[in-house]
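Have a look at the structure below, then the notes.
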Amino acid sequence: MDTSRLDKFEELKKNPALLADYLIDNFKNNILTLKKYYPEIAEKFENYSPQKSMDFFCSANGVPNVQFTEEQKLFYKQKSKIKYTNYLNDILEKKHILNTPDHNCPLEFSKYIVKKILDQRLVSTFPRLEYDHHGQIHYKYFNKITETVQNSLEKKMCLVSDAEDIPLFVSIGIGLGYHLNEISDKKNITNTILIEPDSDVFFASLHCFDWSSYIEKSFKEGKTITFLLENEPEIIGKLFFQFFMIKGIYHMAGICFYNIYDDEKSNIISETLEKYYLLLLSANGFFDDRIFGIAHCCDALLNKRNFVLTKPLKEEYKNLPVFIIGSGPSLDNDLAFIKKNQDKAIIIACGTAIDSLYHAGIMPDFYANTERTPEVRQALDVIPDKEFLKRITILCSCVCHPNVVECFDKTAIFGKWDENLTEYLAVNLDKKSDFEKVETIKYMNPLVGNMGVSGAVTLGFNHIYLFGIDNGKKVNTQKMHSTFTSLYTKNGTSDKAGNYVIQTTVPGNFGELCETNSIYKKSITSIELSLEERKDEVDFKCINCSDGAFIKHTTPIHSSELEDRFNKYINIDKKKFFEYFLSEKTKCFNVTKEQLKNAINPEIFSRIYDNIIQMMNKCNNSRIDYIKLCNDISLYLYTIRTNISTFYSRTAESSLNNMLVVFASTLYCEDTTTGLKTAEEILNIIVDFLTEAKEIFEKLPDYIIGDHRKYYPDGKVGRDMPHCKAPNFPPMINIIGCSYDDPVKKFVKKYE
């Protein structure tokens with residue numbers, strides 16, 4: 001323990017008149033240290049003028065304390081009401097603590113806070129067995145890892161007090177800072193994230209707390225401190241997410257979270273961190289998904305499909321109304337309005353909404369697809385009139401399955417920003433090709449409505465209207481889809497299980513509640529993030545007519561309230577629009593299979609995994625060495641990302657990072673001996689995975705999902721490896737439950 005800080009408090013206890021000098025000197029020293037390590041923070045706070053008036057004073061222990069003048073309460077009594085009350089009750093129950101000079105001392109309260117932190121269990125995540133629908137080595141190995149964990153561990157994380165070290169401590173709220181010294185005195189914390197949404201509070205802490213010594217000591221010991229001094233929970237969540245992208249996903253194993261406040265803002269921040277923590281689990285995707293995505297993109301290029309270019313949309317088209325239509329149950333409420341005005345808006349049918357619109361007599365302009373799986377084709381095949389599809393332009397990313405793309409004569413294909421093959425090809429393709437920069441798309445997952453919204457936003461449309469984007473169903477509503485969606489109402493496809501199982505409720509768009517689940521909530525978040533990027537643009541607006549879940553950055557309006565507005569609009573010359581769109585905004589390229597093979601260059605990928613295998617083979621069976629191994633792999637992949645190519649790093653990280661999270665989590669289990677043994681077994685499985693993954697990468701660019709079965713004539717997913725046997729391929733998926741003779745053999749456009 002650093003006794004120098006206690007000596008200073010002792011001086012203040014003897015002579016409180018020294019407080020003013022202490023506060024000034026402490027602030028100056030802290031600013032000097034911040035200039036050295038965090039110059040942006042120093043610049044903001046060196047001449048900062050607080051919004052609220054504050055009074056500093058010494059507790060009876062000589063510890064600087066503060067209260068905000070308007071609130072007339074000690075800082076922690078006001079900001080941490082429940083915890084402070086429990087702290088005082090705790091003192092009354094433990095008579096021996098009554099010898100402390102001042103129960104209102106912030107340092108004593110901080111000691112109580114730290115005790116509560118030590119009584120928590122570390123947070124981590126363990127996988128569950130998952131069914132492999134298509135024959136993927138991700139599931140082959142991840143399920144083997146899951147079985148290994150289930151057979152050996154209780155998956156109970158150790159108490160913070162029992163942990164030898166803490167990989168990551170996240171403090172929601174900095175307060176006056178005293179708890180940081182207290183916890184670091186008791187635990188070896190490798191990484192600390194400090195969140196404080198109130199700049200006035202951090203300014204106060206710069207006077208009270210010796211940040212200079214705390215920061216200098218941390219850097220000297222090779223530890224990291226990340227400050228998130230932001231007011232908006234979403235910004236904090238994104239920066240929290242970014243921390244793992246830079247430092248390594250394995251830090252998800254063994255996190256210590258603590259919220260030192262009891263107010264609404266900090267609770268919202270806690271919920272936001274939880275949301276982004278869950279998003280981290282899917283951030284890297286699966287190895288097979290990456291490989292399938294690369295192969296599907298290459299197929300689209302070789303078959304001369306049109307890709308969206310980065311050039312902006314023409315001004316004359318930016319303010320066209322765009323109807324983004326999902327097949328949620330509330331779509332039925334708006335079909336009359338959509339029919340009447342279908343020539344006055346660009347219509348994007350999301351997924352099975354194309355089925356709904358076909359049977360309702362509404363002609364879509366775009367079909368939005370998110371998935372890369374082949375069974376999407378079955379959903380399209382229920383539409384009898386194939387010429388109907390030929391008139392529509394598919395709006396998708398480059399990972400879309402070839403058998404889905406081939407249903408449409410016209411395509412508008414985006415690069416997928418986190419599977420950035422198109423960005424890589426723009427730099428690395430043979431210069432003889434005419435490849436240009438392709439527009440990439442974010443926030444297109446997890447559901448088709450996300451592609452619809454993000455597609456329209458990314459193309460540059462300003463006026464967006466949502467219909468049937470329910471993300472669940474209104475409470476007391478029975479249906480999950482529009483009655484016009486024949487896939488569910490006539491063809492026997494179930495919408496009662498899987499992604500359609502209701503788990504919780506969220507606020508409704510027009511009040512009341514909407515029944516939803518985790519994947520719909522992710523979809524809502526994704527839509528909100530997409531809209532957030534343009535919400536401050538003067539001309540941009542998104543009107544939500546769906547009677548489902550509320551979506552931030554949208555304006556809830558019933559379609560009936562839009563009648564007067566649309567009565568004034570004229571019909572769009574869609575023929576002229578698509579002549580422009582397909583000739584100027586999109587383009588196909590002259591690329592050969594040999595050029596793609598040379599650009600992808602499997603040898604580079606093999607060297608990356610060979611180097612990681614060498615690291616693993618050299619690692620000793622000890623907790624310290626295993627954590628160092630995770631760190632070394634993360635640093636190596638980060639180096640590849642920054643110095644070589646994000647294309648290779650993202651492909652290499654997929655599946656591997658999630659395996660490392662489980663691997664590291666076993667090291668912080670309550671049963672440390674068994675945890676180490678399990679970690680060793682998992683490491684051997686990961687080496688097998690890396691070895692086989694190299695062999696699959698070499699098959700590119702020809703590894704289309706479903707068609708990839710041709711490489712495994714024995715019906716096994718890959719081959720038997722030393723620590724993981726090859727399972728059987730699953731049967732081909734059939735989503736159609738029964739045959740249906742659809743009476744609507746030809747599409748008929750209807751206006752009423």
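Every chain in the structure tokens has a letter given in the order shown (A, B, ...), and although residue numbers restart at 1 in each chain, ligands are simply numbered from 1 in the order shown.
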Inset, instruction - Please identify all polymer residues within 8 Å of Val63 in chain A, counting only C-alpha atoms, omitting same-chain residues fewer than 2 positions from it, and present them as a PyMOL selection string. - result: chain A and resi 9+12-13+58-61+65+105-107
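With only C-alpha atoms taken into account, the protein and nucleic acid residues at most 9 Å from range 417-422 of chain A (excluding it and anything under 6 positions from it in its own chain) are Ala283, Asn284, Arg290, Gly293, Ile294, Cys297, Cys398, Val399, Lys437, Val438, Glu439, Thr440, Ile441, Lys442, Ile600, Thr646, Phe647, Arg650 and Thr651 of chain A.
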Inset, instruction - Determine, counting only C-alpha atoms, which protein, DNA and RNA residues have an atom within 6 Å of an atom of range 340-353 of chain A; residues of the same chain fewer than 5 positions away are not included. Present the result as a PyMOL selection string. - result: chain A and resi 321-327+364-369+448-449+452+571-572+751
Inset, instruction - Output as JSON, numbers by chain all residues of range 125-345 of chain A that backbone DSSP marks as helix (DSSP H, G or I). - result: {"A": [137, 138, 139, 140, 141, 142, 143, 144, 145, 146, 147, 148, 149, 150, 151, 152, 160, 161, 162, 178, 179, 180, 181, 182, 183, 184, 185, 186, 199, 200, 201, 202, 203, 204, 205, 206, 207, 208, 211, 212, 213, 214, 215, 216, 217, 218, 219, 220, 233, 234, 235, 236, 237, 238, 239, 240, 241, 242, 243, 244, 245, 246, 247, 249, 250, 251, 252, 264, 265, 266, 267, 268, 269, 270, 271, 272, 273, 274, 275, 276, 277, 278, 279, 280, 281, 287, 288, 289, 290, 291, 292, 293, 294, 295, 296, 297, 298, 299, 300, 301, 302, 315, 316, 317, 318, 331, 332, 333, 334, 335, 336, 337, 338, 339, 340]}
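Counting from CA of Glu537 in chain A, the distance to CA of His463 in chain A is 11.3 Å.
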Legend entry - Best match for closeness to Asp185 in chain A among A:Leu596, A:Met659, A:Ile519, A:Val114, counting only C-alpha atoms: A:Val114
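Coordinates place CA of Leu335 in chain A at a distance of 23.5 Å from CA of Lys575 in chain A.
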Inset, instruction - Could you jot down the CA of Lys318 in chain A to CA of Ile464 in chain A separation for me, Å, one decimal place? - result: 10.5 Å
Any chance you could tabulate, as CSV, the residues of range 183-294 of chain A at most 6 Å from range 119-122 of chain A with each one's nearest atom pair and distance in Å to one decimal, using only C-alpha atoms, in chain and rising number order?
residue,atom,partner,partner_atom,distance
A:Gly254,CA,A:Leu122,CA,5.0
A:Ile255,CA,A:Leu122,CA,5.4
A:Cys256,CA,A:Leu122,CA,5.3
Legend entry - Ile682 in chain A environment, 8 Å, only C-alpha atoms, sequence neighbours closer than 4 positions dropped, as a list in words: Ile145, Thr148, Phe663, Thr678 and Ile686 of chain A
Would you put the residues from that selection into a file with N, CA, C and O atoms, as a PDB file, in the first residue's frame?
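Ended up saving to selection_0.pdb:
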ATOM      1  N   ILE A 145     -15.326 -28.295 -28.076  1.00  0.00           N
ATOM      2  CA  ILE A 145     -14.869 -27.485 -26.939  1.00  0.00           C
ATOM      3  C   ILE A 145     -15.959 -27.408 -25.873  1.00  0.00           C
ATOM      4  O   ILE A 145     -15.694 -27.535 -24.672  1.00  0.00           O
ATOM      5  N   THR A 148     -16.162 -30.570 -23.953  1.00  0.00           N
ATOM      6  CA  THR A 148     -15.014 -30.667 -23.044  1.00  0.00           C
ATOM      7  C   THR A 148     -15.269 -29.877 -21.771  1.00  0.00           C
ATOM      8  O   THR A 148     -14.988 -30.348 -20.659  1.00  0.00           O
ATOM      9  N   PHE A 663     -11.487 -20.609 -23.782  1.00  0.00           N
ATOM     10  CA  PHE A 663     -10.191 -21.063 -23.265  1.00  0.00           C
ATOM     11  C   PHE A 663      -9.773 -20.242 -22.046  1.00  0.00           C
ATOM     12  O   PHE A 663      -9.424 -20.791 -20.987  1.00  0.00           O
ATOM     13  N   THR A 678      -8.590 -28.401 -18.295  1.00  0.00           N
ATOM     14  CA  THR A 678      -9.555 -28.181 -19.379  1.00  0.00           C
ATOM     15  C   THR A 678      -8.984 -27.235 -20.428  1.00  0.00           C
ATOM     16  O   THR A 678      -9.169 -27.443 -21.635  1.00  0.00           O
ATOM     17  N   ILE A 686      -8.107 -26.417 -30.473  1.00  0.00           N
ATOM     18  CA  ILE A 686      -7.921 -25.215 -31.300  1.00  0.00           C
ATOM     19  C   ILE A 686      -6.822 -25.447 -32.342  1.00  0.00           C
ATOM     20  O   ILE A 686      -6.950 -25.027 -33.494  1.00  0.00           O
TER      21      ILE A 686
END
Surrounding residues of range 372-379 of chain A excluding itself and chain neighbours under 4 positions, 9 Å, only C-alpha atoms, as a tab-separated table (two decimals) with C-alpha atoms, in the first residue's frame:
chain	number	residue	atom	x	y	z
A	134	HIS	CA	-24.89	-26.88	-43.13
A	289	ASP	CA	-19.32	-17.98	-42.74
A	292	PHE	CA	-18.71	-19.01	-47.68
A	293	GLY	CA	-18.98	-15.22	-47.95
A	296	HIS	CA	-20.28	-16.17	-52.79
A	351	GLY	CA	-37.29	-11.06	-47.07
A	352	THR	CA	-40.69	-12.76	-46.99
A	355	ASP	CA	-44.34	-12.96	-50.72
A	383	ILE	CA	-43.93	-17.41	-55.69
A	397	SER	CA	-24.39	-7.84	-49.67
A	398	CYS	CA	-21.72	-9.82	-51.46
A	399	VAL	CA	-22.25	-12.83	-49.15
A	400	CYS	CA	-25.71	-13.57	-50.58
A	401	HIS	CA	-26.01	-17.14	-51.86
A	402	PRO	CA	-25.63	-17.54	-55.65
A	403	ASN	CA	-28.85	-19.53	-55.98
A	404	VAL	CA	-30.75	-16.57	-54.47
A	405	VAL	CA	-29.02	-13.98	-56.66
A	407	CYS	CA	-33.55	-15.48	-59.28
A	487	LEU	CA	-44.82	-19.21	-46.82
A	705	ILE	CA	-22.40	-23.27	-49.00
A	706	GLY	CA	-24.27	-26.47	-49.84
A	733	ILE	CA	-32.66	-28.20	-45.02
A	734	ASN	CA	-36.21	-28.06	-46.31
A	735	ILE	CA	-38.22	-25.16	-44.93
A	736	ILE	CA	-41.40	-25.99	-46.89
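Minimum atom-to-atom distance to Ala652 in chain A, evaluated using only C-alpha atoms, belongs to A:Phe287 out of A:Phe287, A:Phe240, A:Phe550, A:Phe45.
Of the listed residues (A:Ile627, A:Glu528, A:Asn499, A:Thr489), A:Thr489 comes nearest to Tyr740 in chain A; the distances count only C-alpha atoms.
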Inset, instruction - Do a neighbour search on range 300-315 of chain A at 8 Å with only C-alpha atoms, toss out local chain neighbours closer than 3 positions, and write the hits as a VMD selection string. - result: chain A and resid 296 to 297 318 to 319 398 402 410 to 415 436 to 439 459 to 461 582 585 to 593
Would you export the selected residues with N, CA, C and O atoms as a short mmCIF file (atom, residue, chain, number, x, y, z; two decimals), in the first residue's frame, please?
data_model
loop_
_atom_site.label_atom_id
_atom_site.label_comp_id
_atom_site.auth_asym_id
_atom_site.auth_seq_id
_atom_site.Cartn_x
_atom_site.Cartn_y
_atom_site.Cartn_z
N HIS A 296 -19.07 -16.73 -52.20
CA HIS A 296 -20.28 -16.17 -52.79
C HIS A 296 -20.00 -14.86 -53.51
O HIS A 296 -20.54 -14.60 -54.59
N CYS A 297 -19.14 -14.05 -52.92
CA CYS A 297 -18.75 -12.78 -53.54
C CYS A 297 -18.03 -13.05 -54.87
O CYS A 297 -18.31 -12.40 -55.89
N LYS A 318 -32.58 11.71 -54.25
CA LYS A 318 -32.34 11.56 -52.80
C LYS A 318 -33.60 11.69 -51.95
O LYS A 318 -33.74 11.03 -50.92
N ASN A 319 -34.52 12.56 -52.38
CA ASN A 319 -35.70 12.82 -51.55
C ASN A 319 -36.94 12.04 -52.00
O ASN A 319 -38.05 12.34 -51.57
N CYS A 398 -22.45 -8.87 -50.60
CA CYS A 398 -21.72 -9.82 -51.46
C CYS A 398 -21.73 -11.24 -50.93
O CYS A 398 -21.31 -12.16 -51.62
N PRO A 402 -25.44 -17.62 -54.19
CA PRO A 402 -25.63 -17.54 -55.65
C PRO A 402 -26.98 -18.02 -56.14
O PRO A 402 -27.53 -17.46 -57.09
N LYS A 410 -31.62 -8.29 -62.15
CA LYS A 410 -30.96 -7.03 -61.78
C LYS A 410 -30.46 -7.12 -60.34
O LYS A 410 -31.19 -7.60 -59.46
N THR A 411 -29.24 -6.66 -60.10
CA THR A 411 -28.64 -6.77 -58.77
C THR A 411 -28.03 -5.44 -58.33
O THR A 411 -27.54 -4.66 -59.16
N ALA A 412 -28.07 -5.21 -57.04
CA ALA A 412 -27.37 -4.09 -56.40
C ALA A 412 -26.69 -4.68 -55.17
O ALA A 412 -27.31 -4.81 -54.11
N ILE A 413 -25.44 -5.06 -55.34
CA ILE A 413 -24.72 -5.81 -54.31
C ILE A 413 -23.71 -4.91 -53.60
O ILE A 413 -22.87 -4.28 -54.26
N PHE A 414 -23.80 -4.86 -52.29
CA PHE A 414 -22.84 -4.12 -51.47
C PHE A 414 -21.69 -5.02 -51.05
O PHE A 414 -21.86 -6.24 -50.92
N GLY A 415 -20.53 -4.42 -50.80
CA GLY A 415 -19.52 -5.12 -50.02
C GLY A 415 -19.96 -5.13 -48.57
O GLY A 415 -20.66 -4.21 -48.12
N GLU A 436 -13.47 -1.38 -59.39
CA GLU A 436 -13.53 -0.08 -58.73
C GLU A 436 -13.92 -0.27 -57.26
O GLU A 436 -14.24 -1.37 -56.82
N LYS A 437 -13.93 0.85 -56.56
CA LYS A 437 -14.35 0.79 -55.16
C LYS A 437 -15.85 0.50 -55.07
O LYS A 437 -16.66 1.20 -55.69
N VAL A 438 -16.17 -0.51 -54.30
CA VAL A 438 -17.56 -0.92 -54.09
C VAL A 438 -18.04 -0.35 -52.76
O VAL A 438 -17.31 -0.34 -51.77
N GLU A 439 -19.28 0.13 -52.74
CA GLU A 439 -19.86 0.64 -51.50
C GLU A 439 -20.03 -0.50 -50.50
O GLU A 439 -20.54 -1.57 -50.85
N LEU A 459 -27.50 3.86 -49.55
CA LEU A 459 -27.66 4.36 -50.91
C LEU A 459 -27.80 5.88 -50.95
O LEU A 459 -27.48 6.51 -51.95
N GLY A 460 -28.28 6.46 -49.85
CA GLY A 460 -28.37 7.92 -49.78
C GLY A 460 -29.77 8.48 -49.83
O GLY A 460 -29.97 9.69 -49.98
N PHE A 461 -30.80 7.62 -49.69
CA PHE A 461 -32.17 8.11 -49.65
C PHE A 461 -32.42 8.85 -48.34
O PHE A 461 -31.97 8.43 -47.27
N LEU A 582 -28.88 1.44 -62.51
CA LEU A 582 -28.15 0.25 -62.94
C LEU A 582 -26.96 0.58 -63.85
O LEU A 582 -26.00 -0.20 -63.92
N LYS A 585 -24.95 3.94 -60.86
CA LYS A 585 -24.76 3.70 -59.43
C LYS A 585 -24.26 2.28 -59.16
O LYS A 585 -23.73 1.99 -58.09
N THR A 586 -24.42 1.38 -60.13
CA THR A 586 -23.93 0.00 -59.98
C THR A 586 -23.12 -0.38 -61.22
O THR A 586 -23.21 0.26 -62.27
N LYS A 587 -22.34 -1.45 -61.08
CA LYS A 587 -21.48 -1.88 -62.18
C LYS A 587 -21.07 -3.34 -61.99
O LYS A 587 -20.89 -3.81 -60.86
N CYS A 588 -20.91 -4.06 -63.09
CA CYS A 588 -20.29 -5.39 -63.04
C CYS A 588 -18.84 -5.27 -63.50
O CYS A 588 -18.46 -4.27 -64.14
N PHE A 589 -18.00 -6.26 -63.18
CA PHE A 589 -16.57 -6.14 -63.42
C PHE A 589 -16.04 -7.31 -64.25
O PHE A 589 -16.61 -8.41 -64.24
N ASN A 590 -14.95 -7.05 -64.95
CA ASN A 590 -14.28 -8.08 -65.74
C ASN A 590 -13.16 -8.71 -64.90
O ASN A 590 -12.02 -8.23 -64.89
N VAL A 591 -13.50 -9.76 -64.20
CA VAL A 591 -12.56 -10.42 -63.29
C VAL A 591 -12.53 -11.91 -63.62
O VAL A 591 -13.58 -12.52 -63.87
N THR A 592 -11.35 -12.50 -63.59
CA THR A 592 -11.23 -13.94 -63.86
C THR A 592 -11.00 -14.71 -62.57
O THR A 592 -10.58 -14.14 -61.55
N LYS A 593 -11.27 -16.01 -62.62
CA LYS A 593 -11.07 -16.87 -61.46
C LYS A 593 -9.60 -16.89 -61.04
O LYS A 593 -9.27 -16.90 -59.85
#
Inset, instruction - Just the strand (DSSP E or B) stuff from range 521-697 of chain A, please, per backbone DSSP, written as a VMD selection string. - result: chain A and resid 541 to 544 549 555 to 556 586 to 587 669
Grab the residues selected above and save them as a compact mmCIF listing (two decimals), in the first residue's frame with all heavy atoms.
# COMPACT_ATOMS: atom_id res chain seq x y z
N LYS A 541 -35.11 11.83 -42.70
CA LYS A 541 -36.18 11.49 -41.75
C LYS A 541 -36.59 10.04 -41.96
O LYS A 541 -36.53 9.51 -43.06
CB LYS A 541 -37.39 12.41 -41.93
CG LYS A 541 -38.05 12.32 -43.30
CD LYS A 541 -39.20 13.30 -43.43
CE LYS A 541 -39.84 13.24 -44.82
NZ LYS A 541 -40.92 14.22 -44.99
N CYS A 542 -36.96 9.42 -40.87
CA CYS A 542 -37.45 8.04 -40.93
C CYS A 542 -38.75 7.97 -40.15
O CYS A 542 -38.78 8.21 -38.94
CB CYS A 542 -36.42 7.07 -40.35
SG CYS A 542 -36.94 5.34 -40.46
N ILE A 543 -39.83 7.67 -40.85
CA ILE A 543 -41.16 7.57 -40.25
C ILE A 543 -41.53 6.11 -40.08
O ILE A 543 -41.43 5.32 -41.03
CB ILE A 543 -42.20 8.30 -41.13
CG1 ILE A 543 -41.93 9.80 -41.08
CG2 ILE A 543 -43.63 7.98 -40.67
CD1 ILE A 543 -42.73 10.61 -42.06
N ASN A 544 -41.90 5.72 -38.88
CA ASN A 544 -42.24 4.33 -38.58
C ASN A 544 -43.74 4.17 -38.46
O ASN A 544 -44.36 4.63 -37.51
CB ASN A 544 -41.55 3.89 -37.29
CG ASN A 544 -41.65 2.39 -37.06
OD1 ASN A 544 -42.20 1.67 -37.90
ND2 ASN A 544 -41.14 1.91 -35.95
N ALA A 549 -42.42 -2.78 -32.36
CA ALA A 549 -41.51 -2.22 -31.37
C ALA A 549 -41.12 -0.79 -31.71
O ALA A 549 -41.00 -0.42 -32.88
CB ALA A 549 -40.25 -3.09 -31.28
N THR A 555 -39.88 8.50 -36.30
CA THR A 555 -41.07 9.22 -35.86
C THR A 555 -42.29 8.32 -36.05
O THR A 555 -42.59 7.91 -37.19
CB THR A 555 -41.27 10.51 -36.67
OG1 THR A 555 -40.10 11.32 -36.57
CG2 THR A 555 -42.47 11.29 -36.18
N PRO A 556 -42.99 7.95 -34.98
CA PRO A 556 -44.17 7.09 -35.13
C PRO A 556 -45.35 7.86 -35.75
O PRO A 556 -45.80 8.87 -35.20
CB PRO A 556 -44.49 6.68 -33.68
CG PRO A 556 -43.27 7.04 -32.88
CD PRO A 556 -42.66 8.20 -33.57
N THR A 586 -24.42 1.38 -60.13
CA THR A 586 -23.93 0.00 -59.98
C THR A 586 -23.12 -0.38 -61.22
O THR A 586 -23.21 0.26 -62.27
CB THR A 586 -25.09 -1.00 -59.81
OG1 THR A 586 -25.86 -1.05 -61.02
CG2 THR A 586 -25.99 -0.61 -58.65
N LYS A 587 -22.34 -1.45 -61.08
CA LYS A 587 -21.48 -1.88 -62.18
C LYS A 587 -21.07 -3.34 -61.99
O LYS A 587 -20.89 -3.81 -60.86
CB LYS A 587 -20.22 -0.99 -62.23
CG LYS A 587 -19.22 -1.35 -63.32
CD LYS A 587 -17.98 -0.48 -63.25
CE LYS A 587 -16.95 -0.93 -64.27
NZ LYS A 587 -15.72 -0.12 -64.23
N CYS A 669 -12.18 -20.10 -13.53
CA CYS A 669 -13.21 -20.88 -12.85
C CYS A 669 -12.84 -21.11 -11.39
O CYS A 669 -11.67 -21.01 -11.00
CB CYS A 669 -13.41 -22.22 -13.55
SG CYS A 669 -14.32 -22.09 -15.09
